[in-house]
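File shown here: query.txt, holding compact mmCIF, C-alpha atoms.
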# COMPACT_ATOMS: atom_id res chain seq x y z
CA MET A 16 0.00 0.00 0.00
CA ALA A 17 2.89 2.34 0.76
CA GLY A 18 4.24 1.74 -2.74
CA LEU A 19 0.89 2.68 -4.27
CA CYS A 20 0.83 5.85 -2.18
CA THR A 21 4.28 6.80 -3.43
CA LEU A 22 3.21 6.15 -7.01
CA ILE A 23 0.15 8.35 -6.66
CA LEU A 24 2.12 11.22 -5.17
CA LEU A 25 4.69 10.98 -7.95
CA LEU A 26 1.99 11.43 -10.58
CA CYS A 27 2.69 15.14 -10.53
CA ALA A 28 5.76 14.45 -12.68
CA ALA A 29 5.30 15.38 -16.32
CA LYS A 30 6.12 12.85 -19.01
CA ASP A 31 7.58 15.44 -21.37
CA VAL A 32 10.96 17.07 -20.87
CA MET A 33 10.55 20.81 -21.30
CA PRO A 34 12.74 21.98 -24.19
CA SER A 35 14.65 25.22 -24.40
CA GLY A 36 15.99 27.47 -27.14
CA PRO A 37 15.01 30.58 -29.08
CA HIS A 38 11.89 28.97 -30.61
CA TRP A 39 10.67 27.23 -27.46
CA LYS A 40 6.99 27.63 -26.59
CA PRO A 41 5.68 27.04 -23.05
CA THR A 42 3.82 23.77 -23.71
CA TRP A 43 1.16 22.01 -21.69
CA PRO A 44 2.90 18.86 -20.39
CA SER A 45 1.28 15.42 -20.34
CA TYR A 46 0.61 13.71 -17.02
CA ARG A 47 -0.36 10.31 -15.81
CA VAL A 48 -3.72 10.96 -14.18
CA PRO A 49 -5.25 8.42 -11.76
CA VAL A 50 -8.90 7.46 -11.66
CA ILE A 51 -11.06 8.40 -8.66
CA LEU A 52 -14.40 6.60 -8.37
CA PRO A 53 -17.03 6.47 -5.61
CA GLN A 54 -17.11 3.34 -3.47
CA SER A 55 -20.04 4.08 -1.19
CA THR A 56 -22.42 6.95 -0.47
CA PHE A 57 -24.49 7.45 2.67
CA ASN A 58 -26.79 10.14 4.06
CA LEU A 59 -25.70 12.64 6.71
CA ASP A 60 -27.82 14.78 9.01
CA LYS A 61 -29.00 18.03 7.44
CA PRO A 62 -26.51 20.83 8.17
CA GLN A 63 -27.41 23.82 10.30
CA PHE A 64 -26.06 26.50 7.92
CA ASP A 65 -24.89 28.52 10.90
CA ALA A 66 -21.35 29.50 9.93
CA GLU A 67 -20.43 33.04 8.95
CA ALA A 68 -19.13 33.33 5.40
CA ARG A 69 -15.42 34.12 5.38
CA LEU A 70 -14.05 35.65 2.21
CA GLU A 71 -10.48 34.51 2.92
CA VAL A 72 -8.62 32.05 5.13
CA ALA A 73 -5.24 32.13 6.83
CA SER A 74 -2.74 29.46 7.84
CA PRO A 75 0.63 29.73 9.63
CA CYS A 76 2.14 26.74 7.79
CA GLY A 77 4.34 28.04 4.96
CA PRO A 78 6.31 26.33 2.19
CA GLU A 79 9.04 24.87 4.41
CA CYS A 80 6.43 23.64 6.89
CA HIS A 81 4.59 21.84 4.09
CA LYS A 82 7.75 20.48 2.49
CA SER A 83 8.91 18.98 5.80
CA SER A 84 5.56 17.34 6.54
CA PRO A 85 5.41 13.55 6.10
CA LEU A 86 3.69 12.23 3.00
CA PRO A 87 0.09 11.11 3.63
CA THR A 88 -0.66 7.42 3.55
CA TYR A 89 -2.87 5.90 0.87
CA GLU A 90 -5.79 5.70 3.34
CA GLU A 91 -5.31 9.35 4.32
CA VAL A 92 -5.32 10.41 0.67
CA LYS A 93 -8.54 8.46 0.08
CA ASN A 94 -10.09 10.14 3.11
CA TYR A 95 -9.05 13.64 1.99
CA LEU A 96 -10.49 13.06 -1.49
CA SER A 97 -13.77 11.62 -0.23
CA TYR A 98 -16.38 14.34 -0.33
CA GLU A 99 -19.67 15.76 0.89
CA THR A 100 -22.46 16.73 -1.51
CA LEU A 101 -24.95 19.39 -0.45
CA TYR A 102 -28.25 19.51 -2.37
CA ALA A 103 -30.58 22.46 -2.86
CA ASN A 104 -33.23 20.85 -0.63
CA GLY A 105 -30.77 20.84 2.28
CA SER A 106 -29.97 17.12 2.23
CA LEU A 107 -26.35 16.05 2.61
CA THR A 108 -24.42 12.93 1.63
CA GLU A 109 -20.87 11.69 2.08
CA THR A 110 -19.13 9.67 -0.62
CA GLU A 111 -16.07 7.52 0.00
CA VAL A 112 -13.77 7.08 -2.99
CA GLY A 113 -11.22 4.64 -4.34
CA ILE A 114 -8.06 5.65 -6.20
CA TYR A 115 -6.95 3.54 -9.14
CA ILE A 116 -3.85 3.63 -11.32
CA LEU A 117 -4.38 2.80 -14.98
CA SER A 118 -1.71 0.73 -16.69
CA SER A 119 -1.83 2.91 -19.83
CA SER A 120 -0.46 6.41 -19.56
CA GLY A 121 -3.09 9.14 -19.33
CA ASP A 122 -3.06 12.56 -20.88
CA GLU A 123 -4.20 15.80 -19.38
CA SER A 124 -6.27 16.70 -22.40
CA ARG A 125 -8.10 13.56 -22.09
CA GLY A 126 0.11 33.57 13.16
CA LYS A 127 0.73 37.10 12.50
CA SER A 128 -2.00 39.73 12.47
CA ARG A 129 -2.48 41.03 8.97
CA THR A 130 -3.75 44.19 7.41
CA LYS A 131 -7.19 44.00 5.88
CA ARG A 132 -5.88 44.82 2.45
CA GLN A 133 -3.35 42.50 0.81
CA ILE A 134 -1.65 44.93 -1.57
CA TYR A 135 2.08 44.55 -2.10
CA GLY A 136 3.59 47.96 -2.88
CA TYR A 137 1.98 49.58 -5.93
CA ASP A 138 -1.54 48.27 -6.53
CA SER A 139 -1.21 46.31 -9.79
CA ARG A 140 -4.87 45.33 -10.19
CA PHE A 141 -6.88 46.36 -13.26
CA SER A 142 -10.64 46.92 -13.19
CA ILE A 143 -12.25 45.50 -16.34
CA PHE A 144 -14.83 47.84 -17.91
CA GLY A 145 -16.99 47.69 -21.00
CA LYS A 146 -19.23 45.03 -22.50
CA ASP A 147 -16.61 44.09 -25.10
CA PHE A 148 -14.29 42.90 -22.33
CA LEU A 149 -16.63 41.74 -19.55
CA LEU A 150 -18.77 39.56 -21.81
CA ASN A 151 -15.87 38.03 -23.72
CA TYR A 152 -13.48 35.21 -22.88
CA PRO A 153 -11.56 34.85 -20.58
CA PHE A 154 -13.14 37.53 -18.35
CA SER A 155 -16.66 36.20 -18.99
CA THR A 156 -15.74 32.96 -17.18
CA SER A 157 -15.54 34.80 -13.82
CA VAL A 158 -18.75 34.76 -11.78
CA LYS A 159 -19.81 36.00 -8.34
CA LEU A 160 -21.15 33.81 -5.53
CA SER A 161 -24.01 35.02 -3.35
CA THR A 162 -21.80 34.33 -0.31
CA GLY A 163 -19.43 37.05 -1.55
CA CYS A 164 -16.66 35.06 -3.26
CA THR A 165 -15.68 34.54 -6.90
CA GLY A 166 -15.96 31.40 -9.04
CA THR A 167 -14.94 30.29 -12.54
CA LEU A 168 -17.00 28.52 -15.20
CA VAL A 169 -15.35 25.15 -15.96
CA ALA A 170 -18.19 23.31 -17.76
CA GLU A 171 -21.70 23.91 -19.15
CA LYS A 172 -23.26 23.82 -15.67
CA HIS A 173 -20.29 23.86 -13.28
CA VAL A 174 -18.40 26.50 -11.31
CA LEU A 175 -15.07 25.99 -9.52
CA THR A 176 -14.49 28.02 -6.36
CA ALA A 177 -12.89 27.87 -2.89
CA ALA A 178 -14.35 25.53 -0.27
CA HIS A 179 -14.23 28.20 2.43
CA CYS A 180 -16.81 30.19 0.45
CA ILE A 181 -19.28 27.37 1.22
CA HIS A 182 -18.02 25.69 4.39
CA ASP A 183 -15.86 27.05 7.21
CA GLY A 184 -14.32 23.64 7.99
CA LYS A 185 -16.90 22.85 10.67
CA SER A 186 -20.24 23.87 9.21
CA TYR A 187 -21.84 25.15 6.02
CA VAL A 188 -22.12 28.91 5.83
CA LYS A 189 -25.33 30.87 6.03
CA GLY A 190 -26.83 31.05 2.57
CA ALA A 191 -25.13 27.89 1.29
CA GLN A 192 -28.46 26.04 0.93
CA LYS A 193 -29.81 28.82 -1.31
CA LEU A 194 -26.51 29.52 -2.99
CA ARG A 195 -26.65 31.49 -6.24
CA VAL A 196 -24.11 32.34 -8.92
CA GLY A 197 -24.14 35.81 -10.52
CA PHE A 198 -23.32 36.58 -14.16
CA LEU A 199 -22.51 40.15 -15.19
CA LYS A 200 -24.84 41.39 -17.93
CA PRO A 201 -25.60 44.83 -19.38
CA LYS A 202 -28.42 46.80 -17.80
CA VAL A 203 -31.36 47.42 -20.14
CA LYS A 204 -31.96 51.15 -20.53
CA ASN A 205 -34.95 53.00 -22.02
CA GLY A 206 -36.55 49.76 -23.13
CA SER A 207 -33.74 49.13 -25.65
CA LYS A 208 -33.44 45.39 -25.31
CA GLY A 209 -30.27 44.05 -26.84
CA ALA A 210 -29.18 47.53 -27.95
CA ASN A 211 -25.54 47.65 -28.90
CA ILE A 212 -23.99 50.76 -27.38
CA THR A 213 -20.43 49.50 -27.41
CA GLY A 214 -19.32 52.64 -29.18
CA SER A 215 -20.54 54.84 -26.33
CA ALA A 216 -17.89 56.97 -24.65
CA MET A 217 -19.26 55.97 -21.23
CA PRO A 218 -18.72 52.45 -19.87
CA GLU A 219 -21.93 50.46 -20.05
CA LYS A 220 -23.47 49.75 -16.64
CA MET A 221 -23.72 46.09 -15.71
CA LYS A 222 -25.87 44.04 -13.38
CA PHE A 223 -25.79 40.48 -12.06
CA GLN A 224 -28.19 37.83 -13.31
CA TRP A 225 -28.39 34.99 -10.78
CA ILE A 226 -28.72 31.21 -11.25
CA ARG A 227 -29.44 28.88 -8.32
CA VAL A 228 -27.00 26.10 -7.44
CA LYS A 229 -28.34 22.55 -7.63
CA ARG A 230 -25.61 20.82 -5.60
CA THR A 231 -22.18 21.45 -4.17
CA HIS A 232 -19.17 19.12 -3.73
CA VAL A 233 -16.62 19.79 -0.96
CA PRO A 234 -13.63 17.45 -0.33
CA LYS A 235 -13.29 15.96 3.15
CA GLY A 236 -9.69 17.17 3.24
CA TRP A 237 -11.14 20.64 3.77
CA ILE A 238 -13.76 19.58 6.30
CA LYS A 239 -11.34 17.42 8.24
CA GLY A 240 -8.61 20.02 8.12
CA ASN A 241 -10.80 22.88 9.34
CA ALA A 242 -8.74 25.42 7.37
CA ASN A 243 -5.51 24.42 9.09
CA ASP A 244 -2.25 23.10 7.63
CA ILE A 245 -3.90 20.28 5.66
CA GLY A 246 -7.19 22.07 5.09
CA MET A 247 -5.76 24.85 2.93
CA ASP A 248 -4.42 22.17 0.55
CA TYR A 249 -8.03 21.17 -0.14
CA ASP A 250 -9.67 24.59 -0.25
CA TYR A 251 -11.70 23.99 -3.41
CA ALA A 252 -15.32 23.13 -4.24
CA LEU A 253 -17.43 22.51 -7.32
CA LEU A 254 -20.93 23.92 -7.83
CA GLU A 255 -23.50 22.46 -10.23
CA LEU A 256 -26.02 25.00 -11.52
CA LYS A 257 -29.72 24.25 -11.98
CA LYS A 258 -29.49 25.17 -15.66
CA PRO A 259 -26.72 25.71 -18.23
CA HIS A 260 -25.14 29.17 -18.27
CA LYS A 261 -24.60 29.23 -22.09
CA ARG A 262 -21.21 30.92 -21.86
CA LYS A 263 -17.79 29.79 -22.96
CA PHE A 264 -16.00 28.15 -20.03
CA MET A 265 -12.36 27.57 -19.23
CA LYS A 266 -10.92 24.06 -19.11
CA ILE A 267 -9.06 22.84 -16.06
CA GLY A 268 -5.54 21.43 -16.21
CA VAL A 269 -2.94 19.89 -13.96
CA SER A 270 -0.70 22.58 -12.48
CA PRO A 271 2.80 22.43 -14.02
CA PRO A 272 5.85 23.23 -11.88
CA ALA A 273 6.25 26.98 -11.44
CA ARG A 274 9.49 26.97 -13.43
CA HIS A 275 7.53 25.74 -16.48
CA LEU A 276 4.91 28.51 -16.35
CA PRO A 277 5.25 31.25 -19.00
CA GLY A 278 7.46 33.80 -17.29
CA GLY A 279 6.78 32.00 -13.99
CA ARG A 280 3.57 34.03 -13.88
CA ILE A 281 -0.10 33.38 -13.06
CA HIS A 282 -3.32 35.32 -13.81
CA PHE A 283 -6.77 35.56 -12.22
CA SER A 284 -9.84 37.80 -12.12
CA GLY A 285 -12.23 38.27 -9.23
CA TYR A 286 -14.78 40.51 -7.54
CA ASP A 287 -12.64 42.26 -4.91
CA ASN A 288 -14.71 43.88 -2.16
CA ASP A 289 -13.06 47.29 -2.43
CA ARG A 290 -14.29 47.66 -6.02
CA PRO A 291 -17.96 46.64 -5.77
CA GLY A 292 -19.55 45.63 -9.06
CA ASN A 293 -16.18 45.60 -10.84
CA LEU A 294 -14.32 42.60 -12.17
CA VAL A 295 -10.66 42.99 -11.21
CA TYR A 296 -7.83 41.34 -13.17
CA ARG A 297 -4.26 40.82 -11.97
CA PHE A 298 -1.11 38.84 -12.71
CA CYS A 299 2.10 38.22 -10.80
CA ASP A 300 5.10 35.90 -10.41
CA VAL A 301 4.99 32.70 -8.38
CA LYS A 302 7.42 33.05 -5.47
CA ASP A 303 7.39 29.48 -4.13
CA GLU A 304 5.40 26.27 -4.33
CA THR A 305 4.65 22.98 -2.63
CA TYR A 306 2.93 19.92 -4.07
CA ASP A 307 -0.48 21.46 -3.22
CA LEU A 308 0.02 25.23 -3.06
CA LEU A 309 1.37 28.17 -5.05
CA TYR A 310 2.77 31.13 -3.09
CA GLN A 311 2.57 34.52 -4.78
CA GLN A 312 2.02 38.20 -4.06
CA CYS A 313 -0.77 39.03 -6.48
CA ASP A 314 -2.64 42.04 -5.13
CA ALA A 315 -6.03 40.93 -3.84
CA GLN A 316 -8.76 41.75 -1.38
CA PRO A 317 -11.52 39.63 0.21
CA GLY A 318 -14.04 38.68 -2.44
CA ALA A 319 -11.38 37.53 -4.92
CA SER A 320 -11.02 34.19 -3.15
CA GLY A 321 -12.36 31.32 -5.24
CA SER A 322 -11.03 32.88 -8.45
CA GLY A 323 -9.61 30.46 -10.99
CA VAL A 324 -5.85 30.86 -11.39
CA TYR A 325 -4.92 30.31 -15.04
CA VAL A 326 -2.05 30.37 -17.51
CA ARG A 327 -1.85 30.31 -21.31
CA MET A 328 0.37 27.63 -22.87
CA TRP A 329 0.81 25.84 -26.19
CA LYS A 330 -1.40 22.78 -26.75
CA ARG A 331 0.77 20.55 -28.89
CA GLN A 332 -2.02 18.12 -29.87
CA ASN A 333 -4.25 20.91 -31.21
CA HIS A 334 -1.47 23.20 -32.43
CA LYS A 335 -2.86 26.26 -30.66
CA TRP A 336 -2.52 28.36 -27.52
CA GLU A 337 -4.92 27.47 -24.71
CA ARG A 338 -5.76 28.90 -21.31
CA LYS A 339 -6.48 26.49 -18.47
CA ILE A 340 -7.31 26.79 -14.79
CA ILE A 341 -4.39 25.35 -12.79
CA GLY A 342 -5.42 26.51 -9.31
CA ILE A 343 -7.94 28.26 -7.08
CA PHE A 344 -7.07 31.46 -5.23
CA SER A 345 -7.54 30.72 -1.54
CA GLY A 346 -6.24 33.31 0.90
CA HIS A 347 -3.36 34.60 2.93
CA GLN A 348 -0.45 33.09 4.86
CA TRP A 349 2.29 34.44 7.06
CA VAL A 350 5.50 32.54 6.31
CA ASP A 351 8.71 32.45 8.35
CA MET A 352 11.48 33.20 5.81
CA ASN A 353 14.86 32.81 7.55
CA GLY A 354 13.45 34.13 10.78
CA THR A 355 11.61 37.04 9.15
CA PRO A 356 7.81 36.99 8.78
CA GLN A 357 6.76 37.29 5.14
CA ASP A 358 3.18 37.32 3.92
CA PHE A 359 1.92 35.65 0.77
CA ASN A 360 -1.35 35.14 -1.02
CA VAL A 361 -1.89 31.45 -1.70
CA ALA A 362 -3.52 29.43 -4.47
CA VAL A 363 -4.44 25.74 -4.29
CA ARG A 364 -2.79 23.80 -7.12
CA ILE A 365 -4.81 21.36 -9.23
CA THR A 366 -2.75 18.19 -8.79
CA PRO A 367 -3.36 14.99 -10.82
CA LEU A 368 -5.50 13.62 -7.96
CA LYS A 369 -7.59 16.78 -7.68
CA TYR A 370 -7.90 16.92 -11.46
CA ALA A 371 -9.26 13.35 -11.48
CA GLN A 372 -11.71 14.18 -8.68
CA ILE A 373 -13.03 17.38 -10.27
CA CYS A 374 -13.26 15.56 -13.61
CA TYR A 375 -15.48 12.91 -12.02
CA TRP A 376 -17.64 15.54 -10.32
CA ILE A 377 -18.29 17.19 -13.68
CA LYS A 378 -18.61 14.18 -15.96
CA GLY A 379 -19.94 11.55 -13.55
CA LYS A 380 -17.43 9.09 -14.95
CA ALA A 381 -13.67 8.58 -15.04
CA THR A 382 -12.84 10.56 -18.19
CA SER A 383 -10.54 13.48 -18.81
CA LEU A 384 -11.92 16.92 -19.62
CA VAL A 385 -11.15 17.51 -23.31

Rewrite the coordinates I just gave you, this time as structure tokens.
Amino acid sequence: MAGLCTLILLLCAAKDVMPSGPHWKPTWPSYRVPVILPQSTFNLDKPQFDAEARLEVASPCGPECHKSSPLPTYEEVKNYLSYETLYANGSLTETEVGIYILSSSGDESRGKSRTKRQIYGYDSRFSIFGKDFLLNYPFSTSVKLSTGCTGTLVAEKHVLTAAHCIHDGKSYVKGAQKLRVGFLKPKVKNGSKGANITGSAMPEKMKFQWIRVKRTHVPKGWIKGNANDIGMDYDYALLELKKPHKRKFMKIGVSPPARHLPGGRIHFSGYDNDRPGNLVYRFCDVKDETYDLLYQQCDAQPGASGSGVYVRMWKRQNHKWERKIIGIFSGHQWVDMNGTPQDFNVAVRITPLKYAQICYWIKGKATSLV
């Protein structure tokens, strides 16, 4: 069993050796992805929905703390990847999973007190204005949760977000049973339905159109961890909408090592609280990483948590550039760097195991998202 655990944890290694040279393109690597399937599902008591929604989380365990932690056993990994499903009628189930390794190689295409505002030096965030930008890809994939967080469209009816936007580690937050997802759309003025005023000198005013959530999946690694050292590794959740959103969505991908990212840089857009009604875009360099987390200093405020962290790389099979979600923006950490406290904003990486789990949540079967 220990050997199987080691094999699973080594699945983060890419099969392709990254080339170099003047004509090199940052290319999406291929990974061996395991299969995660449900073994048993049973009913739980209805939750109380009594937790206060937190728009960010904090953890004192930094990169060196995570790197020095012992590897989880196979049974622990299975437990972390088991999950709860919350339904719109308030019922709750828990599903235990099994992890399987396919013989054929898979392919990805198949502590300290903190200031309220996490801005590092000059504020490098950009508010996105105008229908031409807000309603077009990739910005159109960002949506707002009724609990105050951000999410990203990853399928026809599915939204990826942070688990702490739904569950505080002990209980589901107030409003989780009637959770809604908001889509920015132009306001209709003077009865001019569908009027195209893109050429107007003034930015077009937008409003949110809301769709109810049918069910929500939260990994037990978050619930068990209660937003502590392990919990932040599993701060992600998937929402299934009651009806399709009819927008272009962004595919998910396994997070490559930071050194293989274009310029070592990540991007994400979210609904930061200090700019109400605005979609805010930012990018920054990755400073450090562990198997499960990316450490960076992208400027952000509460409300941006749950945003999909993405990069744009070359898809060799399709001969084109493609953006994919490789992580979920989670929150803030104080890190001890050679005896000096340093603060970072943290994103949860989509590892091969998490990719397989999210893929099953979306498709209902063990297939890759193509």

Nearest to A:Lys302, chosen from A:Arg274, A:Arg327, A:His334, A:Lys378, with all atoms listed in the file counted in the distances: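 The closest residue to A:Lys302 is A:Arg274.
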
Residue nearest A:Arg364 among A:Val295, A:Ala315, A:Ala273, A:Val50 (counting only C-alpha atoms):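 So, comparing all the options, the nearest one is A:Ala273.
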
Point-to-point distance in Å for atom CA of A:Trp336 and atom CA of A:Tyr306: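 Atom CA of A:Trp336 lies 25.5 Å from atom CA of A:Tyr306.
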
Two-atom distance - atom CA of A:Ser161, atom CA of A:Phe57 (Å):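 Value for the atom CA of A:Ser161-atom CA of A:Phe57 distance: 28.2 Å.
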
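Straight-line separation from atom CA of A:Ile341 to atom CA of A:Tyr102: 26.7 Å.
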
Surrounding residues of A:Asn94 excluding itself and chain neighbours under 4 positions, 8 Å, all atoms listed in the file, as an MDAnalysis selection string: chainID A and resid 90 111:112 235:236

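Comparing A:Leu368, A:Val361, A:Ala178, A:Leu194 by their smallest distance to A:Leu70, the closest is A:Ala178 (using all atoms listed in the file).
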
Counting all atoms listed in the file, the residue of A:Pro234, A:Pro49, A:Pro271, A:Pro153 that sits nearest A:His179: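 Checking each of A:Pro234, A:Pro49, A:Pro271, A:Pro153 against A:His179, counting all atoms listed in the file, the winner is A:Pro234.
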